[in-house]
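Student: Sharing a structure, written as C-alpha coordinates. Questions coming.
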Amino acid sequence: MNDRKTVSQEIQDQSIKSLTSTFGKLSNAYKSMTEKGSNTTLVTKRRSAVKIGLESLENLWDGEAFNYDEADIQASKDILQGILPSIEKQIEKAKEGSPQKTVNERRLTALTFAIESLADRLT
(Lines give C-alpha, C1' and ligand atoms only; values in the text may rest on other atoms or scores of the structure.)
Protein backbone atom coordinates (compact mmCIF):
# COMPACT_ATOMS: atom_id res chain seq x y z
CA MET A 1 0.00 0.00 0.00
CA ASN A 2 1.12 3.51 -0.68
CA ASP A 3 1.74 4.90 2.75
CA ARG A 4 2.15 8.46 3.85
CA LYS A 5 5.86 8.47 2.98
CA THR A 6 5.50 7.40 -0.65
CA VAL A 7 2.51 9.54 -1.66
CA SER A 8 3.21 13.24 -1.95
CA GLN A 9 1.15 15.67 0.10
CA GLU A 10 -0.15 17.17 -3.16
CA ILE A 11 -1.46 13.80 -4.37
CA GLN A 12 -2.95 13.07 -0.95
CA ASP A 13 -4.74 16.44 -0.95
CA GLN A 14 -5.97 15.99 -4.54
CA SER A 15 -7.22 12.49 -3.74
CA ILE A 16 -9.11 13.59 -0.61
CA LYS A 17 -10.58 16.56 -2.50
CA SER A 18 -11.58 14.33 -5.43
CA LEU A 19 -13.36 11.78 -3.23
CA THR A 20 -15.04 14.56 -1.24
CA SER A 21 -16.30 16.04 -4.51
CA THR A 22 -17.45 12.63 -5.76
CA PHE A 23 -19.32 12.04 -2.49
CA GLY A 24 -21.00 15.45 -2.88
CA LYS A 25 -22.05 14.69 -6.47
CA LEU A 26 -23.49 11.34 -5.41
CA SER A 27 -25.33 13.01 -2.51
CA ASN A 28 -26.84 15.54 -4.89
CA ALA A 29 -27.81 12.76 -7.30
CA TYR A 30 -29.42 10.84 -4.43
CA LYS A 31 -31.44 13.89 -3.37
CA SER A 32 -32.55 14.60 -6.93
CA MET A 33 -33.48 10.97 -7.59
CA THR A 34 -35.39 10.74 -4.30
CA GLU A 35 -37.41 13.85 -5.19
CA LYS A 36 -38.26 12.32 -8.58
CA GLY A 37 -39.17 8.97 -7.04
CA SER A 38 -36.40 7.18 -8.92
CA ASN A 39 -34.68 4.03 -7.74
CA THR A 40 -31.73 5.11 -5.59
CA THR A 41 -30.19 1.69 -4.88
CA LEU A 42 -27.09 2.11 -7.07
CA VAL A 43 -26.36 5.72 -6.09
CA THR A 44 -26.85 4.83 -2.41
CA LYS A 45 -24.34 1.97 -2.65
CA ARG A 46 -21.82 4.10 -4.53
CA ARG A 47 -22.19 7.03 -2.14
CA SER A 48 -21.60 4.76 0.84
CA ALA A 49 -18.60 3.10 -0.83
CA VAL A 50 -17.01 6.46 -1.68
CA LYS A 51 -17.57 7.65 1.91
CA ILE A 52 -15.90 4.54 3.34
CA GLY A 53 -13.03 4.82 0.83
CA LEU A 54 -12.58 8.49 1.69
CA GLU A 55 -12.56 7.77 5.42
CA SER A 56 -10.05 4.96 4.88
CA LEU A 57 -7.64 7.38 3.17
CA GLU A 58 -8.24 10.07 5.79
CA ASN A 59 -7.41 7.49 8.46
CA LEU A 60 -4.29 6.31 6.63
CA TRP A 61 -2.93 9.74 5.81
CA ASP A 62 -4.33 12.00 8.56
CA GLY A 63 -5.14 9.64 11.43
CA GLU A 64 -8.89 10.29 11.26
CA ALA A 65 -11.29 7.75 12.79
CA PHE A 66 -12.21 4.65 10.78
CA ASN A 67 -14.77 2.26 12.23
CA TYR A 68 -16.16 -0.19 9.69
CA ASP A 69 -16.44 -3.95 9.78
CA GLU A 70 -14.94 -6.35 7.27
CA ALA A 71 -18.22 -6.81 5.36
CA ASP A 72 -18.60 -3.04 4.79
CA ILE A 73 -14.95 -2.73 3.76
CA GLN A 74 -15.22 -5.64 1.30
CA ALA A 75 -18.47 -4.34 -0.20
CA SER A 76 -17.03 -0.84 -0.57
CA LYS A 77 -13.88 -2.13 -2.24
CA ASP A 78 -15.93 -4.18 -4.70
CA ILE A 79 -18.25 -1.27 -5.54
CA LEU A 80 -15.34 1.14 -6.06
CA GLN A 81 -13.61 -1.40 -8.34
CA GLY A 82 -16.82 -1.56 -10.36
CA ILE A 83 -16.71 2.21 -10.95
CA LEU A 84 -13.18 2.19 -12.42
CA PRO A 85 -14.02 0.99 -15.98
CA SER A 86 -16.48 3.83 -16.60
CA ILE A 87 -13.97 6.42 -15.40
CA GLU A 88 -11.27 4.89 -17.60
CA LYS A 89 -13.63 5.15 -20.61
CA GLN A 90 -14.35 8.80 -19.79
CA ILE A 91 -10.60 9.50 -19.64
CA GLU A 92 -10.12 7.85 -23.05
CA LYS A 93 -12.88 9.99 -24.59
CA ALA A 94 -11.76 13.30 -23.05
CA LYS A 95 -9.49 15.64 -24.95
CA GLU A 96 -5.89 15.86 -23.78
CA GLY A 97 -5.46 18.70 -21.29
CA SER A 98 -9.20 19.23 -20.82
CA PRO A 99 -10.61 19.90 -17.34
CA GLN A 100 -12.79 16.79 -17.71
CA LYS A 101 -9.73 14.62 -18.34
CA THR A 102 -7.89 16.12 -15.36
CA VAL A 103 -10.85 15.62 -13.01
CA ASN A 104 -11.33 12.03 -14.10
CA GLU A 105 -7.61 11.23 -13.88
CA ARG A 106 -7.59 12.56 -10.31
CA ARG A 107 -10.75 10.59 -9.53
CA LEU A 108 -9.17 7.42 -10.91
CA THR A 109 -6.05 7.98 -8.78
CA ALA A 110 -8.13 8.67 -5.66
CA LEU A 111 -10.32 5.60 -6.17
CA THR A 112 -7.26 3.44 -6.79
CA PHE A 113 -5.69 4.61 -3.51
CA ALA A 114 -9.00 4.06 -1.70
CA ILE A 115 -9.32 0.53 -3.10
CA GLU A 116 -5.74 -0.27 -2.05
CA SER A 117 -6.28 1.07 1.45
CA LEU A 118 -9.49 -0.94 1.83
CA ALA A 119 -7.81 -4.09 0.49
CA ASP A 120 -5.00 -3.66 3.02
CA ARG A 121 -7.57 -3.62 5.83
CA LEU A 122 -8.83 -7.03 4.69
CA THR A 123 -5.45 -8.79 4.88
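Scheme for the C-alpha coordinates: letters A, B, ... for chains in order shown; per-chain residue numbers from 1; ligand numbers from 1 in order shown.
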Output as an MDAnalysis selection string all residues of range 11-122 of chain A that backbone DSSP marks as helix (DSSP H, G or I).
Tutor: chainID A and resid 11:36 41:62 70:93 99:121
Student: Extract, using only C-alpha atoms, all DNA, RNA and protein residues at most 12 Å from Tyr68 in chain A, discarding same-chain residues fewer than 5 positions from it, and format them as a JSON list (two decimals) with N, CA, C and O atoms, in the first residue's frame.
Tutor:
[["chain", "number", "residue", "atom", "x", "y", "z"],
["A", 48, "SER", "N", -22.13, 5.39, -0.36],
["A", 48, "SER", "CA", -21.60, 4.76, 0.84],
["A", 48, "SER", "C", -20.18, 4.25, 0.62],
["A", 48, "SER", "O", -19.30, 4.44, 1.47],
["A", 49, "ALA", "N", -19.93, 3.63, -0.53],
["A", 49, "ALA", "CA", -18.60, 3.10, -0.83],
["A", 49, "ALA", "C", -17.57, 4.22, -0.93],
["A", 49, "ALA", "O", -16.45, 4.09, -0.42],
["A", 51, "LYS", "N", -17.76, 7.12, 0.55],
["A", 51, "LYS", "CA", -17.57, 7.65, 1.91],
["A", 51, "LYS", "C", -16.60, 6.77, 2.70],
["A", 51, "LYS", "O", -15.68, 7.27, 3.36],
["A", 52, "ILE", "N", -16.77, 5.47, 2.61],
["A", 52, "ILE", "CA", -15.90, 4.54, 3.34],
["A", 52, "ILE", "C", -14.48, 4.61, 2.77],
["A", 52, "ILE", "O", -13.50, 4.62, 3.52],
["A", 53, "GLY", "N", -14.35, 4.68, 1.45],
["A", 53, "GLY", "CA", -13.03, 4.82, 0.83],
["A", 53, "GLY", "C", -12.34, 6.11, 1.24],
["A", 53, "GLY", "O", -11.14, 6.13, 1.55],
["A", 55, "GLU", "N", -12.93, 7.86, 4.00],
["A", 55, "GLU", "CA", -12.56, 7.77, 5.42],
["A", 55, "GLU", "C", -11.35, 6.85, 5.63],
["A", 55, "GLU", "O", -10.55, 7.09, 6.52],
["A", 56, "SER", "N", -11.21, 5.84, 4.78],
["A", 56, "SER", "CA", -10.05, 4.96, 4.88],
["A", 56, "SER", "C", -8.77, 5.74, 4.57],
["A", 56, "SER", "O", -7.76, 5.61, 5.27],
["A", 59, "ASN", "N", -8.00, 8.20, 7.33],
["A", 59, "ASN", "CA", -7.41, 7.49, 8.46],
["A", 59, "ASN", "C", -5.94, 7.18, 8.18],
["A", 59, "ASN", "O", -5.08, 7.40, 9.03],
["A", 73, "ILE", "N", -16.20, -3.02, 4.47],
["A", 73, "ILE", "CA", -14.95, -2.73, 3.76],
["A", 73, "ILE", "C", -14.91, -3.51, 2.45],
["A", 73, "ILE", "O", -14.59, -2.95, 1.39],
["A", 74, "GLN", "N", -15.24, -4.80, 2.50],
["A", 74, "GLN", "CA", -15.22, -5.64, 1.30],
["A", 74, "GLN", "C", -16.23, -5.13, 0.28],
["A", 74, "GLN", "O", -15.92, -5.00, -0.91],
["A", 75, "ALA", "N", -17.43, -4.83, 0.72],
["A", 75, "ALA", "CA", -18.47, -4.34, -0.20],
["A", 75, "ALA", "C", -18.04, -3.02, -0.84],
["A", 75, "ALA", "O", -18.21, -2.83, -2.05],
["A", 76, "SER", "N", -17.47, -2.14, -0.05],
["A", 76, "SER", "CA", -17.03, -0.84, -0.57],
["A", 76, "SER", "C", -15.93, -1.02, -1.60],
["A", 76, "SER", "O", -15.95, -0.39, -2.66],
["A", 118, "LEU", "N", -8.46, -0.02, 1.35],
["A", 118, "LEU", "CA", -9.49, -0.94, 1.83],
["A", 118, "LEU", "C", -9.00, -2.39, 1.75],
["A", 118, "LEU", "O", -9.21, -3.17, 2.68],
["A", 121, "ARG", "N", -6.85, -3.39, 4.57],
["A", 121, "ARG", "CA", -7.57, -3.62, 5.83],
["A", 121, "ARG", "C", -8.14, -5.03, 5.89],
["A", 121, "ARG", "O", -8.53, -5.50, 6.96],
["A", 122, "LEU", "N", -8.25, -5.69, 4.76],
["A", 122, "LEU", "CA", -8.83, -7.03, 4.69],
["A", 122, "LEU", "C", -7.78, -8.14, 4.83],
["A", 122, "LEU", "O", -8.13, -9.29, 4.92]]
Student: Residues of range 22-46 of chain A that approach range 101-116 of chain A to 12 Å or less, counting only C-alpha atoms: could you list each one with the shortest pair of atoms and its distance in Å to one decimal, rows by chain and increasing residue number, as CSV?
Tutor:
residue,atom,partner,partner_atom,distance
A:Thr22,CA,A:Arg107,CA,8.0
A:Phe23,CA,A:Arg107,CA,11.2
A:Arg46,CA,A:Leu111,CA,11.7
Student: Those selected residues, please, written with N, CA, C and O atoms and delivered as a PDB file, in the first residue's frame.
Tutor:
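To be explicit, this is the file written out as selection_39.pdb:
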ATOM      1  N   THR A  22     -16.652  13.763  -5.250  1.00  0.00           N
ATOM      2  CA  THR A  22     -17.449  12.635  -5.760  1.00  0.00           C
ATOM      3  C   THR A  22     -18.579  12.300  -4.797  1.00  0.00           C
ATOM      4  O   THR A  22     -19.721  12.068  -5.227  1.00  0.00           O
ATOM      5  N   PHE A  23     -18.278  12.303  -3.493  1.00  0.00           N
ATOM      6  CA  PHE A  23     -19.317  12.043  -2.494  1.00  0.00           C
ATOM      7  C   PHE A  23     -20.414  13.113  -2.582  1.00  0.00           C
ATOM      8  O   PHE A  23     -21.605  12.794  -2.538  1.00  0.00           O
ATOM      9  N   ARG A  46     -23.037   3.403  -4.118  1.00  0.00           N
ATOM     10  CA  ARG A  46     -21.819   4.098  -4.534  1.00  0.00           C
ATOM     11  C   ARG A  46     -21.455   5.210  -3.558  1.00  0.00           C
ATOM     12  O   ARG A  46     -20.284   5.388  -3.244  1.00  0.00           O
TER      13      ARG A  46
END
Student: For the atom pair CA of Gly63 in chain A and CA of Val43 in chain A, what is the interatomic distance in Å to one decimal place?
Tutor: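 Atom-to-atom, CA of Gly63 in chain A to CA of Val43 in chain A, that is 27.8 Å.
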Student: Report the distance between CA of Asp13 in chain A and CA of Ala94 in chain A in Å, rounded to one decimal place.
Tutor: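 Straight-line distance from CA of Asp13 in chain A to CA of Ala94 in chain A works out to 23.4 Å.
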Student: Measuring atom to atom with only C-alpha atoms, identify which of A:Leu84, A:Ile79, A:Leu60, A:Ala71 is nearest to Ser117 in chain A.
Tutor: A:Leu60
Student: Go ahead and compute the interatomic distance for CA of Leu19 in chain A and CA of Ser98 in chain A, in Å to one decimal.
Tutor: 19.5 Å
Student: Looking at only C-alpha atoms, which of A:Glu70, A:Lys93, A:Thr20, A:Gly82 is the one that sits closest to Ala119 in chain A?
Tutor: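 Closest to Ala119 in chain A of all the choices is A:Glu70.
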Student: Show me, as a list in words, the residues that have an atom within 12 Å of Asp62 in chain A when counting only C-alpha atoms, minus same-chain residues fewer than 5 positions from it.
Tutor: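 Contacts, with the query itself left out: Asp3, Arg4, Gln9, Gln12, Asp13, Ile16, Leu54, Glu55, Ser56 and Leu57 of chain A.
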Student: Residues at most 7 Å from range 25-34 of chain A, counting only C-alpha atoms, excluding those fewer than 5 positions away in the same chain, as a PyMOL selection string?
Tutor: chain A and resi 40+43-44+47
Student: I need the residues from that last selection saved to file as an mmCIF file, in the first residue's frame (with N, CA, C and O atoms), if you can.
Tutor:
data_model
loop_
_atom_site.group_PDB
_atom_site.id
_atom_site.type_symbol
_atom_site.label_atom_id
_atom_site.label_comp_id
_atom_site.auth_asym_id
_atom_site.auth_seq_id
_atom_site.Cartn_x
_atom_site.Cartn_y
_atom_site.Cartn_z
ATOM 1 N N THR A 40 -32.997 4.558 -6.080
ATOM 2 C CA THR A 40 -31.728 5.111 -5.593
ATOM 3 C C THR A 40 -30.739 4.042 -5.122
ATOM 4 O O THR A 40 -29.710 4.382 -4.535
ATOM 5 N N VAL A 43 -27.014 4.496 -6.567
ATOM 6 C CA VAL A 43 -26.356 5.718 -6.087
ATOM 7 C C VAL A 43 -26.128 5.645 -4.577
ATOM 8 O O VAL A 43 -25.111 6.129 -4.072
ATOM 9 N N THR A 44 -27.025 5.000 -3.853
ATOM 10 C CA THR A 44 -26.848 4.834 -2.407
ATOM 11 C C THR A 44 -25.627 3.969 -2.115
ATOM 12 O O THR A 44 -24.809 4.302 -1.252
ATOM 13 N N ARG A 47 -22.444 5.942 -3.091
ATOM 14 C CA ARG A 47 -22.189 7.032 -2.141
ATOM 15 C C ARG A 47 -21.580 6.475 -0.853
ATOM 16 O O ARG A 47 -20.610 7.016 -0.334
#
